[in-house]
>>> print(open('protein_34.cif').read())   # mmCIF, C-alpha atoms
data_structure
loop_
_atom_site.label_atom_id
_atom_site.label_comp_id
_atom_site.auth_asym_id
_atom_site.auth_seq_id
_atom_site.Cartn_x
_atom_site.Cartn_y
_atom_site.Cartn_z
CA MET A 320 30.54 171.11 68.77
CA SER A 321 33.82 170.40 66.99
CA LEU A 322 37.19 172.02 67.47
CA ASP A 323 39.74 172.13 64.66
CA ARG A 324 43.49 172.52 65.13
CA ASP A 325 43.28 176.32 65.00
CA ASP A 326 40.60 176.28 67.72
CA LEU A 327 42.76 174.02 69.89
CA ILE A 328 45.77 176.30 69.53
CA ARG A 329 43.75 179.48 70.11
CA GLY A 330 42.02 178.03 73.17
CA LEU A 331 45.22 176.71 74.72
CA ARG A 332 47.00 179.99 73.99
CA GLU A 333 44.23 181.86 75.85
CA VAL A 334 44.51 179.45 78.80
CA VAL A 335 48.30 179.85 78.91
CA VAL A 336 48.09 183.65 78.74
CA ARG A 337 45.47 183.84 81.51
CA LEU A 338 47.40 181.46 83.76
CA ARG A 339 50.61 183.44 83.24
CA GLU A 340 48.86 186.77 83.88
CA ARG A 341 47.59 185.40 87.21
CA GLY A 342 50.93 183.91 88.14
CA GLU A 343 49.31 180.48 88.37
CA PRO A 344 51.75 177.61 87.72
CA ALA A 345 50.14 174.85 85.69
CA GLY A 346 50.90 171.77 83.64
CA ILE A 347 48.64 170.58 80.83
CA ARG A 348 49.47 167.07 79.55
CA ILE A 349 47.40 166.36 76.45
CA ILE A 350 46.26 162.96 75.19
CA GLY A 351 43.76 161.74 72.60
CA GLY A 352 42.80 163.36 69.34
CA ALA A 353 43.93 166.82 70.39
CA ALA A 354 47.47 165.52 71.01
CA LEU A 355 47.48 163.91 67.58
CA SER A 356 46.32 167.11 65.91
CA LEU A 357 48.70 169.38 67.78
CA ARG A 358 51.83 167.26 67.39
CA TYR A 359 51.65 164.29 65.05
CA PHE A 360 49.39 164.73 62.02
CA GLU A 361 46.56 166.66 60.46
CA ARG A 362 43.27 165.04 61.38
CA ARG A 363 39.60 165.67 61.58
CA THR A 364 38.17 167.82 64.32
CA THR A 365 37.80 166.80 67.95
CA GLU A 366 35.13 167.59 70.51
CA ASP A 367 37.50 168.45 73.34
CA ILE A 368 40.99 168.35 74.73
CA ASP A 369 41.57 165.39 77.04
CA ALA A 370 44.40 166.11 79.44
CA LYS A 371 45.98 165.50 82.79
CA LEU A 372 45.87 168.89 84.52
CA HIS A 373 47.93 170.11 87.44
CA PRO A 374 46.59 171.84 89.35
CA ALA A 375 43.23 170.87 87.96
CA GLU A 376 41.00 173.37 89.76
CA GLN A 377 42.77 176.55 88.64
CA THR A 378 43.29 175.29 85.12
CA LEU A 379 39.65 174.23 84.72
CA THR A 380 38.47 177.61 86.06
CA VAL A 381 40.54 179.41 83.41
CA ALA A 382 39.41 176.94 80.72
CA ALA A 383 35.76 177.66 81.63
CA GLU A 384 36.41 181.38 81.15
CA VAL A 385 37.94 180.69 77.74
CA ALA A 386 34.96 178.50 76.86
CA GLU A 387 32.52 181.26 77.75
CA ALA A 388 34.47 183.84 75.75
CA ASN A 389 34.44 181.56 72.67
CA GLY A 390 30.95 180.09 72.99
CA TRP A 391 32.38 176.61 73.60
CA PRO A 392 31.17 173.91 76.00
CA ALA A 393 32.58 174.40 79.50
CA ASP A 394 34.40 171.04 79.30
CA TRP A 395 36.28 171.73 76.05
CA LEU A 396 39.43 171.19 78.16
CA ASN A 397 38.92 168.44 80.70
CA ALA A 398 40.56 165.69 82.73
CA LYS A 399 37.88 163.05 82.14
CA ALA A 400 40.22 160.66 80.30
CA ALA A 401 43.30 161.18 82.49
CA HIS A 402 42.70 157.85 84.27
CA PHE A 403 43.32 156.05 80.94
CA ILE A 404 46.94 157.25 80.78
CA PRO A 405 49.16 154.17 81.21
CA ILE A 406 51.23 154.19 84.37
CA ALA A 407 53.37 151.06 83.82
CA THR A 408 55.58 152.79 81.26
CA ASP A 409 56.57 156.44 81.02
CA ALA A 410 54.20 158.26 78.67
CA GLY A 411 57.14 159.97 76.98
CA TRP A 412 55.72 163.45 77.44
CA GLU A 413 57.00 165.92 74.84
CA PRO A 414 56.93 169.64 75.62
CA LEU A 415 55.05 171.97 73.30
CA TYR A 416 55.37 174.99 75.57
CA ALA A 417 57.11 175.79 78.86
CA GLU A 418 57.48 179.30 80.20
CA ASP A 419 56.82 181.10 83.51
CA ASP A 420 55.77 177.89 85.30
CA VAL A 421 53.11 177.06 82.68
CA SER A 422 53.70 174.08 80.43
CA VAL A 423 51.84 172.17 77.72
CA TRP A 424 52.90 168.63 76.84
CA VAL A 425 51.69 165.80 74.60
CA ALA A 426 52.10 162.07 75.14
CA SER A 427 54.43 160.16 72.84
CA ALA A 428 53.10 158.56 69.67
CA ALA A 429 53.65 155.09 71.17
CA THR A 430 51.62 156.00 74.28
CA LEU A 431 48.82 157.41 72.15
CA LEU A 432 48.86 154.27 69.98
CA ALA A 433 48.51 152.05 73.06
CA MET A 434 45.64 154.20 74.32
CA LYS A 435 43.89 154.20 70.93
CA LEU A 436 44.27 150.40 70.72
CA ARG A 437 42.69 150.10 74.15
CA ALA A 438 39.70 152.16 73.01
CA SER A 439 39.47 150.78 69.43
CA ARG A 440 36.25 152.60 68.59
CA ALA A 441 35.19 151.44 65.13
CA GLY A 442 34.78 154.27 62.67
CA ARG A 443 36.42 156.67 65.10
CA ASP A 444 39.91 155.35 65.90
CA ASP A 445 40.74 153.46 62.68
CA ASP A 446 42.55 156.28 60.86
CA ASP A 447 44.34 157.46 64.00
CA ILE A 448 45.57 153.93 64.73
CA ALA A 449 46.74 153.44 61.13
CA ASN A 450 48.70 156.71 61.19
CA LEU A 451 50.18 155.94 64.60
CA LEU A 452 51.23 152.47 63.45
CA ALA A 453 53.10 154.10 60.56
CA ILE A 454 54.69 156.75 62.81
CA CYS A 455 55.79 154.14 65.36
CA GLY A 456 57.08 151.74 62.69
CA VAL A 457 54.85 148.89 63.85
CA ASP A 458 55.09 146.11 61.25
CA GLY A 459 52.18 143.86 62.13
CA PRO A 460 49.53 142.86 64.66
CA ALA A 461 52.04 140.96 66.82
CA ASP A 462 54.24 144.07 67.13
CA ALA A 463 51.15 146.14 67.99
CA ALA A 464 50.16 143.64 70.68
CA GLU A 465 53.68 143.75 72.13
CA LEU A 466 53.62 147.56 72.24
CA TYR A 467 50.18 147.48 73.88
CA GLU A 468 51.33 145.03 76.55
CA THR A 469 54.33 147.26 77.32
CA TYR A 470 51.95 150.04 78.31
CA TYR A 471 49.27 147.82 79.85
CA PRO A 472 51.16 144.83 81.33
CA GLY A 473 49.01 141.87 82.24
CA GLU A 474 46.36 142.92 79.74
CA VAL A 475 45.76 141.29 76.39
CA LEU A 476 44.98 143.38 73.33
CA PRO A 477 41.17 143.64 73.14
CA ASP A 478 39.44 141.54 70.46
CA LYS A 479 38.03 144.68 68.86
CA ALA A 480 41.59 146.03 68.53
CA THR A 481 42.77 142.77 66.95
CA ARG A 482 39.96 142.95 64.39
CA MET A 483 40.78 146.58 63.66
CA LEU A 484 44.50 145.83 63.27
CA ASP A 485 43.78 142.92 60.93
CA ALA A 486 41.69 145.21 58.71
CA ILE A 487 44.30 148.00 58.79
CA PHE A 488 47.22 145.70 57.92
CA ALA A 489 45.16 143.95 55.21
CA GLN A 490 44.59 147.34 53.59
CA GLY A 491 48.19 148.45 54.15
CA LEU A 492 49.56 151.19 56.34
CA PRO A 493 49.52 154.76 55.10
CA ALA A 494 52.75 156.66 54.53
CA VAL A 495 54.12 158.31 57.64
CA PRO A 496 52.15 161.56 57.80
CA ASP A 497 53.81 164.94 57.79
CA GLU A 498 54.10 166.58 61.18
CA PRO A 499 52.14 169.79 61.53
CA ALA A 500 53.89 173.05 62.39
CA ARG A 501 54.70 173.45 66.07
CA PRO A 502 51.88 175.39 67.77
CA ASP A 503 52.64 178.79 69.29
CA PHE A 504 51.04 179.21 72.71
CA SER A 505 52.75 182.44 73.73
#
>>> encode(input="protein_34.cif", output="structure tokens")
Amino acid sequence: MSLDRDDLIRGLREVVVRLRERGEPAGIRIIGGAALSLRYFERRTTEDIDAKLHPAEQTLTVAAEVAEANGWPADWLNAKAAHFIPIATDAGWEPLYAEDDVSVWVASAATLLAMKLRASRAGRDDDDIANLLAICGVDGPADAAELYETYYPGEVLPDKATRMLDAIFAQGLPAVPDEPARPDFS
């Protein structure tokens, strides 16, 4: 199943409303394709929302209710990729919503670029990486490697990322994409 930007916003809005109605404080820190779609640029659909959730149990319970109501997989909002969030450098979380002890944040473009470079899934991350390179003003593979090593010190840019970067820079970076409208979660 695929979720487009409208699905992501609708689902998160329902989670926020239910958490607020129950008086449950929660923080949802979004990474991956959903973060890109919600904050940085229009992109294809995504299968889920990868996030760091606090507290996870209450938030996942509410997300499962929203999934059932919409006919979505129970893990449409999950914390499976949270362990990939770099810890050496602040992720630069940007708030999308914060009210009544419920907040929704997205990682910075630079953090998402470092994470996408780490994954470097051919045919899946190419366009996202190219757009993030343009947004972050990265001028070449050496600059990309330096950014990567800032977020993952002691690690070298994976070979698959180097090959992907070479292909992207050979083709030329796209123009900096337009930012989508700020989502309304209230």
>>> residues_around(input="protein_34.cif", residues="A:Trp424", least_positions_apart="2", cutoff="9 Å", atoms="all atoms listed in the file", output="MDAnalysis selection string")
chainID A and resid 346:350 354 412:417 422 426
>>> resolve_selection(input="protein_34.cif", expression="the PyMOL selection byres ((chain A and resi 448) around 9)", output="mmCIF file with C-alpha atoms, in the frame of the given file")
data_model
loop_
_atom_site.group_PDB
_atom_site.id
_atom_site.type_symbol
_atom_site.label_atom_id
_atom_site.label_comp_id
_atom_site.auth_asym_id
_atom_site.auth_seq_id
_atom_site.Cartn_x
_atom_site.Cartn_y
_atom_site.Cartn_z
ATOM 1 C CA LEU A 431 48.820 157.410 72.150
ATOM 2 C CA LEU A 432 48.860 154.270 69.980
ATOM 3 C CA LYS A 435 43.890 154.200 70.930
ATOM 4 C CA LEU A 436 44.270 150.400 70.720
ATOM 5 C CA SER A 439 39.470 150.780 69.430
ATOM 6 C CA ASP A 444 39.910 155.350 65.900
ATOM 7 C CA ASP A 445 40.740 153.460 62.680
ATOM 8 C CA ASP A 446 42.550 156.280 60.860
ATOM 9 C CA ASP A 447 44.340 157.460 64.000
ATOM 10 C CA ALA A 449 46.740 153.440 61.130
ATOM 11 C CA ASN A 450 48.700 156.710 61.190
ATOM 12 C CA LEU A 451 50.180 155.940 64.600
ATOM 13 C CA LEU A 452 51.230 152.470 63.450
ATOM 14 C CA ALA A 453 53.100 154.100 60.560
ATOM 15 C CA MET A 483 40.780 146.580 63.660
ATOM 16 C CA LEU A 484 44.500 145.830 63.270
ATOM 17 C CA ILE A 487 44.300 148.000 58.790
#
>>> closest_residue(input="protein_34.cif", among="A:Ile406, A:Val423, A:Leu476, A:Met320", to="A:Val334", atoms="all atoms listed in the file")
A:Val423
>>> closest_residue(input="protein_34.cif", among="A:Arg324, A:Lys479, A:Arg332, A:Arg501", to="A:Glu366", atoms="all atoms listed in the file")
A:Arg324
>>> atom_distance(input="protein_34.cif", atom1="atom CA of A:Asp478", atom2="atom CA of A:Gly352")
22.1 Å
>>> resolve_selection(input="protein_34.cif", expression="the PyMOL selection byres ((chain A and resi 498) around 7)", output="list in words")
Arg358, Tyr359, Phe360, Pro496, Asp497, Pro499 and Ala500 of chain A
>>> closest_residue(input="protein_34.cif", among="A:Asp485, A:Ala429, A:Thr408, A:Asp503", to="A:Tyr470", atoms="all atoms listed in the file")
A:Thr408
>>> decode(input="protein_34.cif", residues="stretch 483-499 of chain A", atoms="N, CA and C atoms", output="CSV table (one decimal), in the first residue's frame")
chain,number,residue,atom,x,y,z
A,483,MET,N,26.4,6.3,-6.7
A,483,MET,CA,25.2,7.1,-6.9
A,483,MET,C,25.5,8.6,-7.0
A,484,LEU,N,26.4,9.1,-6.2
A,484,LEU,CA,26.7,10.5,-6.3
A,484,LEU,C,27.4,10.8,-7.6
A,485,ASP,N,28.3,9.9,-8.0
A,485,ASP,CA,29.0,10.2,-9.3
A,485,ASP,C,28.0,10.3,-10.4
A,486,ALA,N,27.0,9.4,-10.4
A,486,ALA,CA,26.0,9.4,-11.5
A,486,ALA,C,25.1,10.7,-11.4
A,487,ILE,N,24.8,11.1,-10.2
A,487,ILE,CA,23.9,12.3,-10.0
A,487,ILE,C,24.7,13.5,-10.4
A,488,PHE,N,25.9,13.7,-10.0
A,488,PHE,CA,26.7,14.9,-10.4
A,488,PHE,C,27.1,14.9,-11.9
A,489,ALA,N,27.2,13.7,-12.5
A,489,ALA,CA,27.5,13.6,-13.9
A,489,ALA,C,26.3,14.1,-14.7
A,490,GLN,N,25.1,13.8,-14.2
A,490,GLN,CA,23.9,14.2,-14.8
A,490,GLN,C,23.6,15.7,-14.5
A,491,GLY,N,24.0,16.2,-13.4
A,491,GLY,CA,23.7,17.6,-13.0
A,491,GLY,C,22.6,17.6,-11.9
A,492,LEU,N,22.8,18.4,-10.9
A,492,LEU,CA,21.7,18.5,-9.9
A,492,LEU,C,20.5,19.2,-10.4
A,493,PRO,N,19.3,18.8,-9.9
A,493,PRO,CA,18.1,19.5,-10.3
A,493,PRO,C,18.1,20.9,-9.6
A,494,ALA,N,17.2,21.7,-10.1
A,494,ALA,CA,17.0,23.0,-9.4
A,494,ALA,C,16.4,22.7,-8.0
A,495,VAL,N,16.7,23.6,-7.1
A,495,VAL,CA,16.2,23.4,-5.7
A,495,VAL,C,14.6,23.4,-5.8
A,496,PRO,N,14.0,22.3,-5.3
A,496,PRO,CA,12.6,22.1,-5.5
A,496,PRO,C,11.8,23.1,-4.6
A,497,ASP,N,10.6,23.4,-5.0
A,497,ASP,CA,9.7,24.2,-4.2
A,497,ASP,C,9.3,23.5,-3.0
A,498,GLU,N,9.2,24.2,-1.9
A,498,GLU,CA,8.7,23.6,-0.6
A,498,GLU,C,7.2,23.5,-0.7
A,499,PRO,N,6.7,22.3,-0.2
A,499,PRO,CA,5.2,22.2,-0.2
A,499,PRO,C,4.6,23.1,0.9
